[in-house]
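Okay, structure first, notes after.
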Amino acid sequence: MNGLHPLLDLDACRLRQERLRRRMADRGLDAVVLVAPEHVQYVTGHRWDFRFAPVAALLAGGETLLVCPDKPVEQAAATEVRTFVAKRRSTLRTDQREASSAVLGDWLASKRLGAGGGRPRVGVEYAACPPHVTRLLGDAELLDIDHDLLAMRRRKDPDELVLIRRAIAATGHMYEAARRLVRPGVSELTIFSALQAAAVEACGEMLTGTGNDYACAVRGGPPRDRVCQPGELYILDLGPAYRGYFADNARTLAVDGRPTDAQLAAWSHVCEALAIVERRGRAGARCRDIYEEVRQWLATAPVGSWSSHLGHGIGLFVHEDPHLNPEWDDRLEAGDVIAVEPAIYDPALACGMRIENNYLVTDAGLEPLSPFPLALAET
């Protein structure tokens, strides 16, 4: 992503800015500064990759600044676009954050925050904001806005759902490729490469994330220089990201196409766990309650056990709110996009299985987003 063309609907970005300004008003903030690439994209429509250091700022009065590396974008959800020098003769600068912050500082100085005599209050991302930015804010009172942004990101807007659905659709093509390719003697690296190619072809461009687990006969991990063996189960937990937005699905395949009776029994139990979530899930449902019902069900499996989380939100990061996890006391909200991933593990299953689906949470229930075959093998 070079940021020259908007990745999100600009009118939707402006609506997100207004939602953020309402939160600013509630907290008495004069300005907000954003440096995390996902938040710059979220409010302006543009994203640059890890090599660059853009910045955005919102004033309570309605102005929005976008500071771009090198070239100004033609269209952005911003009232003003400025640039900083990110490279010289094609060589990337290593002090880009200092350079973009200087442009931001000049802009903020021209706005005379706190000119009425009060100490200006500025929201920054405590998790991402560097000293280059905080120093230029002088005596301003800095307040953390991470939780505000994460809360806003839970409700996915239509333009965000377009990108999430595209990422999820790419996983469908990846599983089609996997079902053709996975067999004894094929290496994990070969499968990884083929699945990445399938996702890139489906998306029509480079991915912004490659996914999660590509190691066979273990619970997860990156692909290894190892070939698949007969009798093993292969958990493919795929989370490609398209234009910054993540999918997160899992299917488990029997390497030799002949799952054992124990593997089929465990698979049936995991599928029923998904059905429990689909029956219980809707806006307002308590995640701990859903987790507990699934835990009790999986505890009755004829083989294996389960002790991990049940799921989480997805979006601009692979794990977002809400958490289907007893360590948090969250409730589902309309607009959440969640990944639900019950599993059973045991050495007798070589090594176990995980099946993960994505859903859009609505007031009426869960809308399935990943209708791909669940079977361990082709019938």
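Residues in the structure tokens are named by chain (A, B, ... in the order shown) and by number from 1 within that chain; ligands are numbered from 1 in the order shown.
Around Arg22 of chain A, within 12 Å and counting only C-alpha atoms, the residues found are Leu15, Arg16, Gln17, Glu18, Asp26, Arg27, Gly28, Leu29, Asp30, Ala31, Val32, Leu58, Leu59, Ala60, Gly61, Gly62, Asp148 and Met152 of chain A, once anything fewer than 4 positions away on its own chain is removed.
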task = Quick one: pick out all alpha helix (DSSP H) residues within segment 35-260 of chain A from a backbone DSSP run and write them as an MDAnalysis selection string.
result = chainID A and resid 37:44 96:111 131:136 146:154 158:181 188:203
request  = Could you check which of A:Val294, A:Cys271, A:Val318, A:Ala283 is closest to Ala375 of chain A, using only C-alpha atoms?
outcome  = A:Cys271
Could you give me, as a short mmCIF file (atom, residue, chain, number, x, y, z; two decimals) with N, CA and C atoms, in the first residue's frame, each residue of segment 33-273 of chain A that DSSP assigns to strand (DSSP E or B) when run on this structure's backbone?
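Result went into result-v3.cif, see below:
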data_model
loop_
_atom_site.label_atom_id
_atom_site.label_comp_id
_atom_site.auth_asym_id
_atom_site.auth_seq_id
_atom_site.Cartn_x
_atom_site.Cartn_y
_atom_site.Cartn_z
N VAL A 33 -4.03 13.33 18.00
CA VAL A 33 -2.94 13.01 17.07
C VAL A 33 -2.87 11.50 16.91
N LEU A 34 -2.80 11.04 15.65
CA LEU A 34 -2.78 9.61 15.35
C LEU A 34 -1.53 9.27 14.56
N VAL A 55 1.23 10.72 9.64
CA VAL A 55 0.56 11.16 10.87
C VAL A 55 -0.73 11.87 10.48
N ALA A 56 -1.70 11.78 11.36
CA ALA A 56 -2.96 12.51 11.16
C ALA A 56 -3.32 13.22 12.46
N ALA A 57 -4.08 14.29 12.34
CA ALA A 57 -4.52 15.04 13.52
C ALA A 57 -5.92 15.58 13.27
N LEU A 58 -6.71 15.57 14.32
CA LEU A 58 -8.07 16.11 14.27
C LEU A 58 -8.19 17.20 15.33
N LEU A 59 -8.78 18.32 14.94
CA LEU A 59 -9.09 19.38 15.89
C LEU A 59 -10.57 19.31 16.25
N THR A 64 -9.04 18.54 9.91
CA THR A 64 -8.28 17.29 9.93
C THR A 64 -7.06 17.43 9.04
N LEU A 65 -5.92 17.04 9.57
CA LEU A 65 -4.65 17.08 8.83
C LEU A 65 -4.19 15.66 8.53
N LEU A 66 -3.67 15.45 7.31
CA LEU A 66 -2.98 14.22 6.95
C LEU A 66 -1.59 14.60 6.46
N VAL A 67 -0.56 14.04 7.07
CA VAL A 67 0.83 14.27 6.67
C VAL A 67 1.32 13.02 5.96
N CYS A 68 1.61 13.14 4.66
CA CYS A 68 1.96 12.00 3.80
C CYS A 68 3.46 11.95 3.54
N PRO A 69 4.01 10.76 3.34
CA PRO A 69 5.40 10.66 2.91
C PRO A 69 5.57 11.04 1.45
N GLU A 80 -6.83 19.30 5.14
CA GLU A 80 -5.53 19.76 4.67
C GLU A 80 -4.59 18.57 4.58
N VAL A 81 -3.82 18.52 3.50
CA VAL A 81 -2.82 17.47 3.29
C VAL A 81 -1.46 18.13 3.15
N ARG A 82 -0.52 17.69 3.97
CA ARG A 82 0.86 18.15 3.86
C ARG A 82 1.77 16.95 3.66
N THR A 83 3.04 17.20 3.35
CA THR A 83 3.98 16.11 3.10
C THR A 83 5.27 16.33 3.89
N PHE A 84 6.02 15.25 4.03
CA PHE A 84 7.37 15.32 4.57
C PHE A 84 8.27 14.49 3.66
N LYS A 87 12.23 9.98 1.70
CA LYS A 87 13.42 9.38 1.09
C LYS A 87 14.11 10.41 0.21
N ARG A 88 15.39 10.19 0.04
CA ARG A 88 16.20 11.06 -0.81
C ARG A 88 16.90 10.20 -1.84
N THR A 91 16.45 6.55 -1.38
CA THR A 91 16.90 5.94 -0.13
C THR A 91 16.00 6.40 1.01
N LEU A 92 15.43 5.45 1.73
CA LEU A 92 14.53 5.78 2.83
C LEU A 92 15.28 6.42 3.98
N ARG A 121 -5.62 20.33 25.78
CA ARG A 121 -5.75 18.91 26.08
C ARG A 121 -5.73 18.15 24.76
N VAL A 122 -4.77 17.24 24.63
CA VAL A 122 -4.55 16.54 23.36
C VAL A 122 -4.58 15.04 23.62
N GLY A 123 -5.37 14.35 22.81
CA GLY A 123 -5.42 12.89 22.89
C GLY A 123 -4.36 12.27 22.01
N VAL A 124 -3.62 11.30 22.55
CA VAL A 124 -2.61 10.56 21.80
C VAL A 124 -2.75 9.07 22.10
N GLU A 141 -1.70 18.99 28.01
CA GLU A 141 -2.05 17.82 28.82
C GLU A 141 -2.36 16.68 27.86
N LEU A 142 -1.63 15.59 27.98
CA LEU A 142 -1.80 14.46 27.08
C LEU A 142 -2.68 13.41 27.73
N LEU A 143 -3.65 12.93 26.97
CA LEU A 143 -4.58 11.92 27.46
C LEU A 143 -4.61 10.74 26.51
N ASP A 144 -4.72 9.54 27.06
CA ASP A 144 -4.70 8.32 26.26
C ASP A 144 -6.05 8.14 25.57
N SER A 187 5.61 -30.91 1.40
CA SER A 187 6.21 -30.12 2.48
C SER A 187 5.31 -28.96 2.91
N GLY A 209 -1.08 -9.06 5.24
CA GLY A 209 -0.83 -10.03 6.30
C GLY A 209 -0.95 -11.42 5.71
N THR A 210 -0.09 -12.35 6.13
CA THR A 210 -0.02 -13.66 5.49
C THR A 210 -0.81 -14.74 6.19
N ASP A 213 -1.17 -20.07 11.07
CA ASP A 213 -0.55 -21.36 11.35
C ASP A 213 -0.50 -22.23 10.10
N VAL A 227 7.88 -32.61 5.69
CA VAL A 227 6.80 -33.13 4.87
C VAL A 227 5.71 -33.72 5.76
N LEU A 233 -3.14 -34.86 11.33
CA LEU A 233 -4.10 -33.79 11.07
C LEU A 233 -3.33 -32.49 10.86
N TYR A 234 -3.80 -31.71 9.92
CA TYR A 234 -3.12 -30.48 9.54
C TYR A 234 -4.06 -29.31 9.84
N ILE A 235 -3.75 -28.54 10.88
CA ILE A 235 -4.53 -27.35 11.21
C ILE A 235 -4.01 -26.19 10.36
N LEU A 236 -4.85 -25.67 9.50
CA LEU A 236 -4.51 -24.50 8.69
C LEU A 236 -5.35 -23.33 9.20
N ASP A 237 -4.73 -22.52 10.03
CA ASP A 237 -5.36 -21.33 10.60
C ASP A 237 -4.92 -20.15 9.74
N LEU A 238 -5.81 -19.69 8.88
CA LEU A 238 -5.45 -18.74 7.84
C LEU A 238 -6.03 -17.37 8.15
N PRO A 240 -5.29 -14.11 6.20
CA PRO A 240 -4.77 -13.09 5.30
C PRO A 240 -5.41 -11.73 5.60
N ALA A 241 -4.64 -10.69 5.39
CA ALA A 241 -5.17 -9.33 5.55
C ALA A 241 -5.22 -8.65 4.20
N TYR A 242 -6.36 -8.06 3.89
CA TYR A 242 -6.57 -7.35 2.63
C TYR A 242 -6.73 -5.86 2.94
N TYR A 245 -7.22 -5.14 6.62
CA TYR A 245 -8.28 -5.80 7.39
C TYR A 245 -8.10 -7.31 7.33
N PHE A 246 -8.20 -7.94 8.51
CA PHE A 246 -7.86 -9.35 8.66
C PHE A 246 -9.08 -10.26 8.57
N ASN A 249 -9.67 -17.64 9.86
CA ASN A 249 -10.42 -18.89 9.78
C ASN A 249 -9.49 -20.07 9.99
N ALA A 250 -10.05 -21.19 10.41
CA ALA A 250 -9.26 -22.42 10.51
C ALA A 250 -10.07 -23.60 10.01
N ARG A 251 -9.41 -24.46 9.28
CA ARG A 251 -9.93 -25.77 8.91
C ARG A 251 -8.84 -26.79 9.22
N THR A 252 -9.24 -28.01 9.51
CA THR A 252 -8.30 -29.09 9.79
C THR A 252 -8.50 -30.19 8.75
N LEU A 253 -7.41 -30.62 8.15
CA LEU A 253 -7.47 -31.62 7.10
C LEU A 253 -6.73 -32.89 7.52
N ALA A 254 -7.29 -34.03 7.18
CA ALA A 254 -6.60 -35.30 7.34
C ALA A 254 -5.61 -35.45 6.19
#
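Remark: for Ala266 of chain A, the closest of the candidate residues A:Ala301, A:Leu4, A:Ile314, A:Ala53 is A:Ala301 (distances computed over only C-alpha atoms).
Reported to one decimal place, the separation of atom CA of Ala77 of chain A from atom CA of Ser90 of chain A is 27.7 Å.
For the set A:Leu369, A:Ala334, A:Ile344, A:Leu181, the residue with the smallest atom-to-atom gap to Trp297 of chain A is A:Ile344, counting only C-alpha atoms.
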Contact residues around Thr190 of chain A with only C-alpha atoms at 12 Å, ignoring same-chain residues under 5 positions, as number ranges by chain = A: 177-178, 181-183, 185, 195-197, 214-215, 223-228
Please produce a file of the residues just selected, as a compact mmCIF listing (two decimals), in the first residue's frame, where the atoms kept are C-alpha atoms.
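New file selection_1.txt:
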# COMPACT_ATOMS: atom_id res chain seq x y z
CA ALA A 177 -5.94 -25.07 -2.86
CA ALA A 178 -5.11 -26.89 0.36
CA LEU A 181 -2.48 -30.20 -2.37
CA VAL A 182 -2.29 -31.63 1.16
CA ARG A 183 -1.16 -35.25 1.11
CA GLY A 185 5.10 -36.30 1.33
CA LEU A 195 -1.82 -20.90 -0.32
CA GLN A 196 -0.20 -17.47 -0.41
CA ALA A 197 -0.40 -17.53 -4.21
CA TYR A 214 0.94 -23.52 8.60
CA ALA A 215 2.70 -26.26 10.59
CA PRO A 223 5.70 -23.57 7.93
CA ARG A 224 8.76 -25.77 8.35
CA ASP A 225 11.03 -27.67 6.00
CA ARG A 226 9.10 -30.82 6.83
CA VAL A 227 6.80 -33.13 4.87
CA CYS A 228 3.34 -34.21 5.97
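Residue nearest Leu374 of chain A, chosen from A:Met353, A:Leu163, A:Ala102, A:Val40 and counting only C-alpha atoms: A:Met353.
Counting from atom CA of Asp146 of chain A, the distance to atom CA of Leu20 of chain A is 11.6 Å.
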key: Polymer residues at most 10 Å from segment 35-39 of chain A, only C-alpha atoms, same-chain spacing of 3 or more positions, as a PyMOL selection string   = chain A and resi 42-50+52-57+97+100-101+124-125+127-130+133+149-150+153+244-245+315-317
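One distance worth recording is that between atom CA of Arg286 of chain A and atom CA of Asn357 of chain A, which is 18.8 Å.
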task = Name all residues at most 12 Å from Asp139 of chain A (count only C-alpha atoms; drop same-chain ones fewer than 5 positions away) and give them as a ChimeraX atom specification.
result = /A:113-114,118-122,134
